[in-house]
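What follows is a set of notes on a single structure, which appears directly below.
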Amino acid sequence: MFSARTLPGVHRTISFHNVRSHSASRTSPNLAFVPTCLPPDPTEVEKLQDFVSNSKRLFVITGAGISTESGIPDYRSEGIGLYARTDRRPMQHAEFIRSASARQRYWARNFVGWPQFSSFQPNTAHLVLRDWEKLGKLHWLVTQNVDALHTKAGSQRLTELHGCTHRVFCLACGDQILRSELQEQFEALNPAWKAEAFGVAPDGDVFLTDEQVCNFQVPACCKCGGILKPDVTFFGDTVCREKVNFVHQRLAESDSMLVAGSSMQVYSGYRFALAARDKQLPIAILNIGPTRLDHFASLKLNARCGELLPLIVAPDPTS
């Protein structure tokens with residue numbers, strides 16, 4: 001059996017000892033960053049039920065829309081995502097690498113946002129997918145999110161396509177530490193530094209002014225003095241070929257694809273939908289708003305993941 005631990009670039013396993021055991025019936029959605037939509041139509045529920053029932057080895061790819069119900073804002077949701085609310089844009093890979101001031105700005109904002117971001121918990125949709133895995137229905141789960149909510153939910157057959165903010169590594173020597181350890185280093189270096197955010201953004205980012213961040217101190221790698229970077233794929237960077245090949249192998253073993261909470265605008269995830277289309281696999285989409293693959297999907301449902309997925313019964317595929 002494969003697991004997230006076998007993936008290239010993951011050298012340290014994250015444990016969430018303080019995360020309580022979840023059941024899919026005990027979570028309440030946080031809809032502050034969820035676009036409005038109609039309740040699931042019974043006909044649509046039946047169609048998705050048939051799709052899941054007919055799947056024996058389901059490949060699932062999730063995006064930011066599955067985590068908005070946990071209270072995490074996204075980038076692209078109509079009227080409510082970061083791009084709709086502000087003119088701010090996420091950190092670019094090249095900017096982070098070449099600019100010390102860009103890294104200072106990124107880490108200062110991340111330092112302020114980390115306590116809240118790291119405390120977010122899985123919602124019902126994450127738990128349903130975890131349960132499908134336990135039942136043998138879900139063959140592999142790929143998430144484009146970097147929030148660790150699938151890991152917190154207990155998913156094992158998981159690839160974090162764009163990495164995870166809970167890990168940090170050195171660009172020079174490759175040493176990896178937990179983001180929680182880096183938070184302690186920030187606190188030690190900046191004992192008197194205070195800043196109050198005036199807005200929240202995706203991926204643990206918050207809104208701060210340049211004046212607020214100018215005195216923030218950023219630690220270097222404790223082993224070699226190199227630059228520390230979150231273990232995530234920033235915009236403008238690419239997912240490593242080894243990880244892409246690994247996911248293609250899992251897709252080749254699957255008989256259907258479900259896209260949950262993603263418009264699939266980013267090619268790093270969209271490529272797998274194209275591969276599924278080329279293999280003539282049935283594709284179902286569960287997302288509020290249009291997606292990049294609406295024109296070739298077998299089924300498109302416009303609903304909240306946490307509202308529709310719990311309505312689906314996933315029988316044992318071996319029965």
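Letters A, B, ... go to the chains of the structure tokens in the order shown; residues in each chain start at 1; ligands are counted from 1 in the same order.
Backbone DSSP assigns strand (DSSP E or B) in segment 71-238 of chain A to Gln92, Leu138, His139, Trp140, Leu141, Val142, Thr143, Leu158, Thr159, Glu160, Gly163, Cys164, Thr165, His166, Arg167, Val168, Phe169, Cys170, Gln176, Ile177, Leu178, Val200, Val206, Leu228, Lys229, Pro230, Asp231, Val232 and Phe235 of chain A.
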**Request:** From a DSSP pass on the backbone, collect the residues of segment 30-172 of chain A flagged as helix (DSSP H, G or I) and hand them back as a PyMOL selection string.
**Result:** chain A and resi 42-54+64-66+82-85+93-98+100-117+124-135+149-153
**Fill in**
From the list A:Leu129, A:Ala153, A:Leu158, A:Leu208, the nearest residue to Gly113 of chain A using only C-alpha atoms is A:Leu208
Applying 12 Å and only C-alpha atoms, which residues near Ala102 of chain A remain after dropping the ones on its own chain fewer than 5 positions away? List them as a CSV table (one decimal) with N, CA and C atoms, in the first residue's frame.
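out_36.csv, freshly written:
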chain,number,residue,atom,x,y,z
A,90,PRO,N,-1.0,36.4,-4.6
A,90,PRO,CA,-0.1,35.6,-3.8
A,90,PRO,C,1.4,35.7,-4.1
A,91,MET,N,2.2,35.2,-3.2
A,91,MET,CA,3.6,35.3,-3.4
A,91,MET,C,4.0,34.5,-4.6
A,92,GLN,N,4.9,35.0,-5.4
A,92,GLN,CA,5.5,34.4,-6.6
A,92,GLN,C,6.8,33.7,-6.2
A,93,HIS,N,7.1,32.6,-6.8
A,93,HIS,CA,8.3,31.8,-6.4
A,93,HIS,C,9.5,32.6,-6.7
A,94,ALA,N,9.6,33.2,-7.8
A,94,ALA,CA,10.8,34.0,-8.2
A,94,ALA,C,11.1,35.2,-7.2
A,95,GLU,N,10.0,35.8,-6.8
A,95,GLU,CA,10.1,37.0,-5.9
A,95,GLU,C,10.6,36.5,-4.6
A,96,PHE,N,10.1,35.4,-4.1
A,96,PHE,CA,10.6,34.8,-2.8
A,96,PHE,C,12.0,34.5,-2.8
A,97,ILE,N,12.5,33.9,-3.9
A,97,ILE,CA,13.9,33.4,-4.0
A,97,ILE,C,14.9,34.6,-4.1
A,107,TRP,N,7.0,36.1,5.6
A,107,TRP,CA,7.1,35.5,6.9
A,107,TRP,C,6.5,36.3,8.0
A,108,ALA,N,6.5,37.6,7.9
A,108,ALA,CA,5.8,38.4,9.0
A,108,ALA,C,4.3,38.2,8.9
A,109,ARG,N,3.8,38.2,7.7
A,109,ARG,CA,2.4,38.0,7.6
A,109,ARG,C,2.0,36.6,8.0
A,210,ASP,N,3.5,47.7,4.9
A,210,ASP,CA,5.0,47.6,4.8
A,210,ASP,C,5.6,48.2,6.1
A,213,VAL,N,5.8,45.4,8.8
A,213,VAL,CA,6.7,44.3,8.7
A,213,VAL,C,8.2,44.7,8.6
A,214,CYS,N,8.5,46.0,8.6
A,214,CYS,CA,9.9,46.4,8.3
A,214,CYS,C,10.9,46.0,9.3
A,216,PHE,N,10.6,43.2,11.2
A,216,PHE,CA,10.4,41.8,11.6
A,216,PHE,C,11.7,41.0,11.2
A,218,VAL,N,13.8,37.6,10.4
A,218,VAL,CA,13.6,36.2,9.8
A,218,VAL,C,14.8,35.4,10.1
A,229,LYS,N,12.2,28.2,3.4
A,229,LYS,CA,11.0,28.4,2.6
A,229,LYS,C,9.9,27.3,3.0
**Request:** Tell me, as JSON, numbers by chain, which residues lie within 10 Å of segment 142-151 of chain A, counting only C-alpha atoms; anything in the same chain fewer than 3 positions away does not count.
**Result:** {"A": [4, 14, 15, 16, 59, 60, 61, 62, 63, 64, 65, 66, 67, 70, 72, 74, 117, 118, 119, 120, 121, 122, 123, 125, 126, 127, 129, 130, 154, 155, 156, 157, 158, 159, 160, 161, 162, 163, 164, 165, 166, 167, 202, 203, 204, 231, 232, 233, 247, 250, 251, 259, 260, 261, 262, 264, 266, 268, 269, 272]}
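If you look at atom CA of Leu309 of chain A and atom CA of Glu46 of chain A, they are 11.5 Å away from each other.
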**Item:** Residue neighbourhood Pro191 of chain A, 12 Å, only C-alpha atoms, exclusion window fewer than 6 positions, as a ChimeraX atom specification
**Value:** /A:183-185,215-217
For the residues in the current selection, export C-alpha atoms as a CSV table (one decimal), in the first residue's frame.
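See part.csv below for the written result:
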chain,number,residue,atom,x,y,z
A,183,GLN,CA,7.0,29.8,14.9
A,184,GLU,CA,9.0,29.4,18.1
A,185,GLN,CA,12.1,30.8,16.4
A,215,ASN,CA,11.4,45.4,11.6
A,216,PHE,CA,10.4,41.8,11.6
A,217,GLN,CA,13.4,39.4,11.9
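Taking only C-alpha atoms into account, His295 of chain A lies nearest to A:Leu274 out of the set A:Leu274, A:Ala220, A:Val206, A:Leu58.
Residues in contact with Ile283 of chain A at up to 7 Å, not including ones fewer than 3 positions away on its chain and judged by only C-alpha atoms, are Ser256, Met257, Leu258, Ala297, Ser298 and Leu299 of chain A.
Between atom CA of Lys56 of chain A and atom CA of Pro282 of chain A the separation is 12.0 Å.
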**Message:** Taking 3 positions as the minimum chain separation for residues in the same chain, which residues sit within 9 Å of Lys300 of chain A when counting only C-alpha atoms? Answer as a PyMOL selection string.
**Reply:** chain A and resi 44+283-287+294+297
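From atom CA of Ala275 of chain A back to atom CA of Asn245 of chain A, the distance works out to 11.8 Å.
With distances restricted to only C-alpha atoms, A:Thr68 is the closest residue to Thr124 of chain A from A:Thr68, A:Leu293, A:Ser180, A:Gln280.
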